[in-house]
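Here is the file work_16.txt (compact mmCIF, C-alpha atoms).
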```txt
# COMPACT_ATOMS: atom_id res chain seq x y z
CA MET J 11 -191.60 -122.84 115.11
CA ARG J 12 -190.97 -122.28 111.41
CA SER J 13 -190.89 -118.51 111.90
CA ASP J 14 -188.33 -118.99 114.69
CA ARG J 15 -186.12 -121.02 112.38
CA LEU J 16 -186.43 -118.40 109.64
CA ALA J 17 -185.56 -115.65 112.09
CA LEU J 18 -182.53 -117.58 113.31
CA ALA J 19 -181.41 -118.22 109.74
CA LEU J 20 -181.74 -114.52 108.91
CA VAL J 21 -179.72 -113.49 111.96
CA THR J 22 -177.01 -116.04 111.07
CA PHE J 23 -176.89 -114.82 107.47
CA LEU J 24 -176.56 -111.18 108.55
CA ALA J 25 -173.81 -112.07 111.02
CA LEU J 26 -171.84 -113.96 108.38
CA ALA J 27 -172.31 -111.11 105.91
CA ALA J 28 -171.07 -108.59 108.46
CA THR J 29 -168.03 -110.73 109.23
CA ALA J 30 -167.19 -111.15 105.56
CA SER J 31 -167.50 -107.41 104.90
CA ALA J 32 -165.21 -106.70 107.85
CA GLN J 33 -162.40 -108.77 106.35
CA PRO J 34 -159.92 -106.61 104.41
CA ALA J 35 -159.83 -107.37 100.70
CA GLU J 36 -156.54 -108.59 99.32
CA ARG J 37 -154.71 -105.71 97.72
CA VAL J 38 -153.42 -106.49 94.26
CA VAL J 39 -149.94 -105.11 93.70
CA ASN J 40 -147.82 -104.45 90.66
CA ILE J 41 -144.15 -104.38 91.60
CA ALA J 42 -142.09 -103.07 88.69
CA MET J 43 -138.31 -102.72 88.30
CA GLU J 44 -135.54 -102.94 85.75
CA ASP J 45 -132.91 -105.68 85.71
CA GLN J 46 -129.18 -105.46 85.06
CA PHE J 47 -129.86 -105.39 81.30
CA LYS J 48 -132.28 -102.44 81.68
CA HIS J 49 -135.24 -104.68 80.84
CA ARG J 50 -138.40 -103.70 82.71
CA HIS J 51 -140.35 -106.37 84.61
CA GLU J 52 -143.72 -106.22 86.38
CA THR J 53 -145.38 -108.70 88.70
CA GLY J 54 -148.68 -107.60 87.16
CA THR J 55 -147.77 -109.47 83.97
CA MET J 56 -147.29 -112.69 85.97
CA ARG J 57 -150.87 -113.18 87.15
CA GLY J 58 -151.77 -116.83 87.29
CA ASP J 59 -148.36 -117.75 88.70
CA VAL J 60 -146.95 -117.51 92.21
CA VAL J 61 -144.24 -114.85 92.36
CA VAL J 62 -141.52 -115.16 95.01
CA LEU J 63 -139.36 -112.05 95.36
CA VAL J 64 -136.16 -112.83 97.25
CA TYR J 65 -134.31 -109.66 98.20
CA ALA J 66 -131.54 -108.47 100.48
CA GLU J 67 -129.19 -105.59 101.01
CA ARG J 68 -125.57 -106.15 100.07
CA LYS J 69 -124.50 -108.02 103.21
CA GLY J 70 -127.31 -110.54 102.73
CA ALA J 71 -126.96 -110.89 98.97
CA GLU J 72 -125.12 -114.21 99.04
CA ALA J 73 -127.64 -115.89 101.36
CA ALA J 74 -130.56 -114.51 99.33
CA GLN J 75 -128.99 -115.74 96.10
CA GLU J 76 -128.56 -119.24 97.51
CA LEU J 77 -132.16 -119.34 98.76
CA GLY J 78 -133.49 -118.14 95.41
CA ARG J 79 -131.43 -120.75 93.58
CA ARG J 80 -132.68 -123.49 95.89
CA LEU J 81 -136.31 -122.46 95.46
CA HIS J 82 -136.01 -122.31 91.69
CA VAL J 83 -134.42 -125.77 91.51
CA HIS J 84 -137.05 -127.22 93.86
CA PHE J 85 -139.86 -126.15 91.54
CA HIS J 86 -137.85 -126.55 88.31
CA PRO J 87 -135.64 -129.59 88.97
CA THR J 88 -134.43 -129.90 85.37
CA ALA J 89 -132.60 -126.59 85.84
CA THR J 90 -129.66 -128.55 87.23
CA GLN J 91 -129.29 -130.40 83.92
CA VAL J 92 -129.13 -127.50 81.48
CA SER J 93 -126.81 -124.65 80.58
CA ALA J 94 -126.91 -121.27 82.33
CA THR J 95 -128.75 -119.76 79.36
CA GLU J 96 -131.62 -122.23 79.80
CA TRP J 97 -131.61 -122.31 83.60
CA SER J 98 -134.53 -119.93 84.10
CA ARG J 99 -136.65 -121.40 81.28
CA GLN J 100 -137.28 -124.87 82.69
CA PRO J 101 -140.82 -126.26 83.20
CA VAL J 102 -142.38 -126.16 86.64
CA ILE J 103 -143.20 -129.39 88.49
CA GLY J 104 -146.81 -130.52 88.32
CA LEU J 105 -149.45 -130.67 91.04
CA ALA J 106 -151.10 -133.88 92.19
CA GLY J 107 -154.63 -134.22 90.87
CA TRP J 108 -154.35 -131.22 88.57
CA PRO J 109 -156.93 -131.34 85.75
CA VAL J 110 -155.54 -132.74 82.51
CA GLY J 111 -155.09 -130.04 79.90
CA ALA J 112 -155.28 -127.14 82.37
CA ARG J 113 -152.28 -124.83 82.66
CA VAL J 114 -150.20 -125.52 85.76
CA PRO J 115 -149.27 -122.32 87.67
CA ASP J 116 -145.58 -121.57 87.53
CA VAL J 117 -143.41 -120.38 90.42
CA ARG J 118 -141.48 -117.26 89.44
CA VAL J 119 -138.54 -116.94 91.81
CA ILE J 120 -137.06 -113.49 91.30
CA ALA J 121 -133.77 -112.25 92.71
CA VAL J 122 -133.87 -108.61 93.77
CA ALA J 123 -130.84 -106.55 94.79
CA SER J 124 -131.85 -103.87 97.29
CA LEU J 125 -129.52 -100.93 96.64
CA PRO J 126 -131.20 -97.74 97.88
CA GLU J 127 -128.00 -96.44 99.45
CA LEU J 128 -126.24 -96.13 96.10
CA PRO J 129 -126.12 -92.64 94.56
CA ARG J 130 -127.51 -92.37 91.05
CA ALA J 131 -124.05 -91.87 89.61
CA MET J 132 -123.14 -95.36 90.81
CA HIS J 133 -126.11 -97.12 89.20
CA PRO J 134 -124.26 -97.93 85.94
CA VAL J 135 -121.41 -99.42 87.95
CA ALA J 136 -123.84 -101.58 89.93
CA ARG J 137 -125.54 -102.77 86.74
CA ALA J 138 -122.20 -103.72 85.23
CA GLN J 139 -121.19 -105.66 88.34
CA VAL J 140 -124.50 -107.56 88.43
CA ARG J 141 -124.17 -108.35 84.70
CA LYS J 142 -120.73 -109.77 85.44
CA ASP J 143 -121.99 -111.86 88.36
CA SER J 144 -125.21 -112.94 86.61
CA PRO J 145 -124.74 -112.75 82.81
CA TYR J 146 -127.89 -114.73 81.96
CA VAL J 147 -130.37 -114.77 84.86
CA PRO J 148 -132.18 -111.43 85.35
CA VAL J 149 -131.73 -109.72 88.70
CA TRP J 150 -134.13 -106.91 89.53
CA LEU J 151 -132.37 -103.80 90.82
CA ASP J 152 -134.22 -101.97 93.58
CA PHE J 153 -132.36 -98.66 93.54
CA GLU J 154 -135.31 -96.89 95.21
CA GLY J 155 -135.68 -99.39 98.06
CA ARG J 156 -139.33 -100.11 97.18
CA LEU J 157 -139.43 -103.55 98.78
CA GLU J 158 -137.56 -102.37 101.85
CA HIS J 159 -139.91 -99.44 102.38
CA ALA J 160 -143.07 -101.43 101.71
CA TYR J 161 -142.23 -104.70 103.46
CA GLY J 162 -139.12 -104.10 105.55
CA VAL J 163 -135.71 -105.69 105.37
CA HIS J 164 -133.72 -107.86 107.78
CA PRO J 165 -130.08 -106.69 107.46
CA GLY J 166 -127.72 -109.41 106.36
CA LYS J 167 -130.53 -111.93 105.82
CA PRO J 168 -132.80 -113.05 102.97
CA ASN J 169 -136.20 -111.39 102.74
CA ILE J 170 -139.16 -112.85 100.84
CA VAL J 171 -142.38 -111.42 99.44
CA ILE J 172 -144.85 -114.03 98.17
CA VAL J 173 -147.43 -112.84 95.64
CA ASN J 174 -150.31 -115.22 94.98
CA THR J 175 -151.80 -116.12 91.60
CA ALA J 176 -154.32 -113.29 91.89
CA GLY J 177 -151.52 -110.75 92.20
CA ALA J 178 -151.93 -109.99 95.92
CA VAL J 179 -149.23 -110.22 98.57
CA HIS J 180 -149.82 -113.34 100.63
CA ALA J 181 -146.87 -113.29 103.03
CA VAL J 182 -143.66 -111.47 103.89
CA LEU J 183 -140.81 -113.43 105.51
CA SER J 184 -137.38 -112.41 106.77
CA GLY J 185 -134.40 -114.19 108.25
CA ASN J 186 -132.59 -117.46 107.74
CA VAL J 187 -134.59 -120.31 106.20
CA ASP J 188 -133.70 -123.65 107.76
CA GLU J 189 -134.96 -127.05 106.60
CA VAL J 190 -138.25 -126.78 108.51
CA LYS J 191 -138.99 -123.27 107.24
CA PHE J 192 -138.02 -124.27 103.72
CA ARG J 193 -140.54 -127.14 103.76
CA GLU J 194 -143.21 -124.79 105.11
CA LEU J 195 -142.34 -122.27 102.42
CA VAL J 196 -142.62 -124.67 99.48
CA THR J 197 -145.82 -126.15 100.97
CA THR J 198 -147.33 -122.68 101.13
CA ILE J 199 -146.32 -121.93 97.56
CA ASP J 200 -147.91 -125.16 96.31
CA ALA J 201 -151.08 -124.38 98.28
CA LEU J 202 -151.25 -120.99 96.58
CA ARG J 203 -150.82 -122.69 93.22
CA MET J 204 -153.68 -125.06 94.07
CA GLN J 205 -155.96 -122.10 94.80
CA SER J 206 -156.07 -121.32 91.10
CA ARG J 207 -157.28 -124.80 90.20
CA PRO J 208 -160.39 -124.40 88.04
CA ASP J 209 -162.58 -126.58 90.29
CA GLN J 210 -161.13 -125.52 93.65
CA ARG J 211 -161.58 -122.07 95.17
CA THR J 212 -159.60 -122.28 98.41
CA ALA J 213 -156.66 -124.12 99.90
CA ALA J 214 -155.45 -124.40 103.47
CA MET J 215 -152.28 -122.51 104.35
CA PRO J 216 -149.74 -123.55 106.97
CA ALA J 217 -150.44 -121.35 109.98
CA GLY J 218 -146.84 -120.27 110.33
CA LEU J 219 -146.73 -118.69 106.88
CA SER J 220 -150.17 -117.12 106.57
CA ARG J 221 -150.24 -113.38 106.17
```
Please rewrite the model in this file as structure tokens.
Amino acid sequence: MRSDRLALALVTFLALAATASAQPAERVVNIAMEDQFKHRHETGTMRGDVVVLVYAERKGAEAAQELGRRLHVHFHPTATQVSATEWSRQPVIGLAGWPVGARVPDVRVIAVASLPELPRAMHPVARAQVRKDSPYVPVWLDFEGRLEHAYGVHPGKPNIVIVNTAGAVHAVLSGNVDEVKFRELVTTIDALRMQSRPDQRTAAMPAGLSR
């Protein structure tokens, strides 16, 4: 009887090991671009935080900008009380039950302008226009269409790439974000933040937003 139990345990262990090895490993990415001030940014330098890239082509720029603003204010509510120069520097909201003294993961909401159709000669003009529209908050300029090529783009709508605290892409979303989807989105982002808690290895994700 004991040998039967040991055999069953061995078979179960091998089956679980085979299943685990069959699961694709999360691919860490490093998305790098310049902003309107020609400052270079990389998601690889933001490990430990959740990065939310909100991008759109020109017809969807206004909707993407509004979504990015709303997400930033949700996670950094004091942004509504400060000047434009301090808007992007506000502290992130805490997490319930987070260990005292441990760093709370931030939520980096990044606006990206997808402009692959612009000829190189027009890049300085585009930078100048974005500087005029956003003189303080950095906007990444995707002249090469990297996000569009890698993750697709919904014309005229906001598009979102969520990078978890380990630097891997967790989800890609496109289209209008209504109240229900917005709640699902912020819940997912908080769950990703919780995954980096020192004494907690995993967190459940809403099914609708899992990768």
Take atom CA of J:Gly70 and atom CA of J:Lys167 and report the distance between them in Å, one decimal.
4.7 Å
Need the shell around J:Thr88: protein/DNA/RNA residues with any atom at most 9 Å away, counting all atoms listed in the file. Skip same-chain ones fewer than 4 positions apart. Format as an MDAnalysis selection string?
chainID J and resid 83 92 97 100:102
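The interatomic distance for the pair atom CA of J:Lys48 and atom CA of J:Thr95 works out to 17.8 Å.
Remark: for J:Asn186, the closest of the candidate residues J:His164, J:Arg113, J:Arg207, J:His86 is J:His164 (distances computed over all atoms listed in the file).
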Residues near J:Gly58, anyone? I mean within 10 Å using only C-alpha atoms, not counting same-chain ones fewer than 6 positions away, as a CSV table (one decimal) with C-alpha atoms, in the frame of the given file.
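Saved file out03.csv follows:
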```csv
chain,number,residue,atom,x,y,z
J,113,ARG,CA,-152.3,-124.8,82.7
J,114,VAL,CA,-150.2,-125.5,85.8
J,115,PRO,CA,-149.3,-122.3,87.7
J,116,ASP,CA,-145.6,-121.6,87.5
J,117,VAL,CA,-143.4,-120.4,90.4
J,174,ASN,CA,-150.3,-115.2,95.0
J,175,THR,CA,-151.8,-116.1,91.6
J,176,ALA,CA,-154.3,-113.3,91.9
J,177,GLY,CA,-151.5,-110.8,92.2
J,203,ARG,CA,-150.8,-122.7,93.2
J,206,SER,CA,-156.1,-121.3,91.1
```
Distance criterion (all atoms listed in the file): nearest to J:Pro165 out of J:Ile41, J:Leu125, J:Gly185, J:Arg118
J:Gly185
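Atom pair atom CA of J:His84 / atom CA of J:Ala138: separated by 29.1 Å.
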Counting all atoms listed in the file, the residue among J:His159, J:Arg79, J:His49, J:Arg57 that lies closest to J:Arg137 is J:His49
Counting only C-alpha atoms, the option among J:Arg37, J:Trp108, J:Trp150, J:Arg99 closest to J:Glu52:
J:Trp150
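Restricting the calculation to only C-alpha atoms, the smallest distance between J:Leu63 and any of J:Leu105, J:Val171, J:Val147, J:Val38 is found for J:Val171.
Shortest separation to J:Val39 among J:Val190, J:His180, J:Leu195, J:Glu127 occurs at residue J:His180, atoms counted being all atoms listed in the file.
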Within 7 Å of J:Thr53, counting only C-alpha atoms, which residues show up once you throw out same-chain ones fewer than 3 positions away? Write them as a PDB file with C-alpha atoms, in the coordinates of the input, please.
```pdb
ATOM      1  CA  ASN J  40    -147.820-104.450  90.660  1.00  0.00           C
ATOM      2  CA  ILE J  41    -144.150-104.380  91.600  1.00  0.00           C
ATOM      3  CA  ALA J  42    -142.090-103.070  88.690  1.00  0.00           C
ATOM      4  CA  MET J  56    -147.290-112.690  85.970  1.00  0.00           C
TER       5      MET J  56
END
```
Kindly reconstruct stretch 108-130 of chain J with N, CA and C atoms and present the result as a PDB file, in the coordinates of the input.
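Heads up, here's the output in rebuild-v7.pdb:
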```pdb
ATOM      1  N   TRP J 108    -154.038-132.386  89.405  1.00  0.00           N
ATOM      2  CA  TRP J 108    -154.350-131.220  88.570  1.00  0.00           C
ATOM      3  C   TRP J 108    -155.087-131.667  87.309  1.00  0.00           C
ATOM      4  N   PRO J 109    -156.136-130.934  86.926  1.00  0.00           N
ATOM      5  CA  PRO J 109    -156.930-131.340  85.750  1.00  0.00           C
ATOM      6  C   PRO J 109    -156.076-131.448  84.484  1.00  0.00           C
ATOM      7  N   VAL J 110    -156.277-132.513  83.754  1.00  0.00           N
ATOM      8  CA  VAL J 110    -155.540-132.740  82.510  1.00  0.00           C
ATOM      9  C   VAL J 110    -155.881-131.633  81.514  1.00  0.00           C
ATOM     10  N   GLY J 111    -154.875-131.067  80.901  1.00  0.00           N
ATOM     11  CA  GLY J 111    -155.090-130.040  79.900  1.00  0.00           C
ATOM     12  C   GLY J 111    -155.114-128.629  80.443  1.00  0.00           C
ATOM     13  N   ALA J 112    -155.250-128.474  81.764  1.00  0.00           N
ATOM     14  CA  ALA J 112    -155.280-127.140  82.370  1.00  0.00           C
ATOM     15  C   ALA J 112    -153.847-126.663  82.633  1.00  0.00           C
ATOM     16  N   ARG J 113    -153.610-125.386  82.446  1.00  0.00           N
ATOM     17  CA  ARG J 113    -152.280-124.830  82.660  1.00  0.00           C
ATOM     18  C   ARG J 113    -151.897-124.931  84.140  1.00  0.00           C
ATOM     19  N   VAL J 114    -150.696-125.409  84.390  1.00  0.00           N
ATOM     20  CA  VAL J 114    -150.200-125.520  85.760  1.00  0.00           C
ATOM     21  C   VAL J 114    -149.525-124.205  86.147  1.00  0.00           C
ATOM     22  N   PRO J 115    -149.897-123.584  87.270  1.00  0.00           N
ATOM     23  CA  PRO J 115    -149.270-122.320  87.670  1.00  0.00           C
ATOM     24  C   PRO J 115    -147.772-122.485  87.891  1.00  0.00           C
ATOM     25  N   ASP J 116    -147.023-121.559  87.367  1.00  0.00           N
ATOM     26  CA  ASP J 116    -145.580-121.570  87.530  1.00  0.00           C
ATOM     27  C   ASP J 116    -145.212-120.929  88.870  1.00  0.00           C
ATOM     28  N   VAL J 117    -143.953-121.056  89.247  1.00  0.00           N
ATOM     29  CA  VAL J 117    -143.410-120.380  90.420  1.00  0.00           C
ATOM     30  C   VAL J 117    -142.268-119.504  89.923  1.00  0.00           C
ATOM     31  N   ARG J 118    -142.474-118.208  89.944  1.00  0.00           N
ATOM     32  CA  ARG J 118    -141.480-117.260  89.440  1.00  0.00           C
ATOM     33  C   ARG J 118    -140.620-116.788  90.608  1.00  0.00           C
ATOM     34  N   VAL J 119    -139.456-117.355  90.748  1.00  0.00           N
ATOM     35  CA  VAL J 119    -138.540-116.940  91.810  1.00  0.00           C
ATOM     36  C   VAL J 119    -137.650-115.835  91.247  1.00  0.00           C
ATOM     37  N   ILE J 120    -137.737-114.662  91.844  1.00  0.00           N
ATOM     38  CA  ILE J 120    -137.060-113.490  91.300  1.00  0.00           C
ATOM     39  C   ILE J 120    -136.040-112.957  92.317  1.00  0.00           C
ATOM     40  N   ALA J 121    -134.812-112.838  91.874  1.00  0.00           N
ATOM     41  CA  ALA J 121    -133.770-112.250  92.710  1.00  0.00           C
ATOM     42  C   ALA J 121    -133.824-110.736  92.592  1.00  0.00           C
ATOM     43  N   VAL J 122    -133.824-110.070  93.742  1.00  0.00           N
ATOM     44  CA  VAL J 122    -133.870-108.610  93.770  1.00  0.00           C
ATOM     45  C   VAL J 122    -132.703-108.095  94.610  1.00  0.00           C
ATOM     46  N   ALA J 123    -131.920-107.189  94.039  1.00  0.00           N
ATOM     47  CA  ALA J 123    -130.840-106.550  94.790  1.00  0.00           C
ATOM     48  C   ALA J 123    -131.352-105.227  95.334  1.00  0.00           C
ATOM     49  N   SER J 124    -131.375-105.099  96.655  1.00  0.00           N
ATOM     50  CA  SER J 124    -131.850-103.870  97.290  1.00  0.00           C
ATOM     51  C   SER J 124    -130.665-102.933  97.460  1.00  0.00           C
ATOM     52  N   LEU J 125    -130.684-101.833  96.675  1.00  0.00           N
ATOM     53  CA  LEU J 125    -129.520-100.930  96.640  1.00  0.00           C
ATOM     54  C   LEU J 125    -129.914 -99.462  96.799  1.00  0.00           C
ATOM     55  N   PRO J 126    -130.750 -99.133  97.771  1.00  0.00           N
ATOM     56  CA  PRO J 126    -131.200 -97.740  97.880  1.00  0.00           C
ATOM     57  C   PRO J 126    -130.116 -96.776  98.346  1.00  0.00           C
ATOM     58  N   GLU J 127    -129.041 -97.315  98.930  1.00  0.00           N
ATOM     59  CA  GLU J 127    -128.000 -96.440  99.450  1.00  0.00           C
ATOM     60  C   GLU J 127    -127.053 -95.933  98.361  1.00  0.00           C
ATOM     61  N   LEU J 128    -127.142 -96.523  97.170  1.00  0.00           N
ATOM     62  CA  LEU J 128    -126.240 -96.130  96.100  1.00  0.00           C
ATOM     63  C   LEU J 128    -126.677 -94.819  95.461  1.00  0.00           C
ATOM     64  N   PRO J 129    -125.770 -93.865  95.299  1.00  0.00           N
ATOM     65  CA  PRO J 129    -126.120 -92.640  94.560  1.00  0.00           C
ATOM     66  C   PRO J 129    -126.364 -92.956  93.095  1.00  0.00           C
ATOM     67  N   ARG J 130    -127.147 -92.120  92.445  1.00  0.00           N
ATOM     68  CA  ARG J 130    -127.510 -92.370  91.050  1.00  0.00           C
ATOM     69  C   ARG J 130    -126.295 -92.525  90.153  1.00  0.00           C
TER      70      ARG J 130
END
```
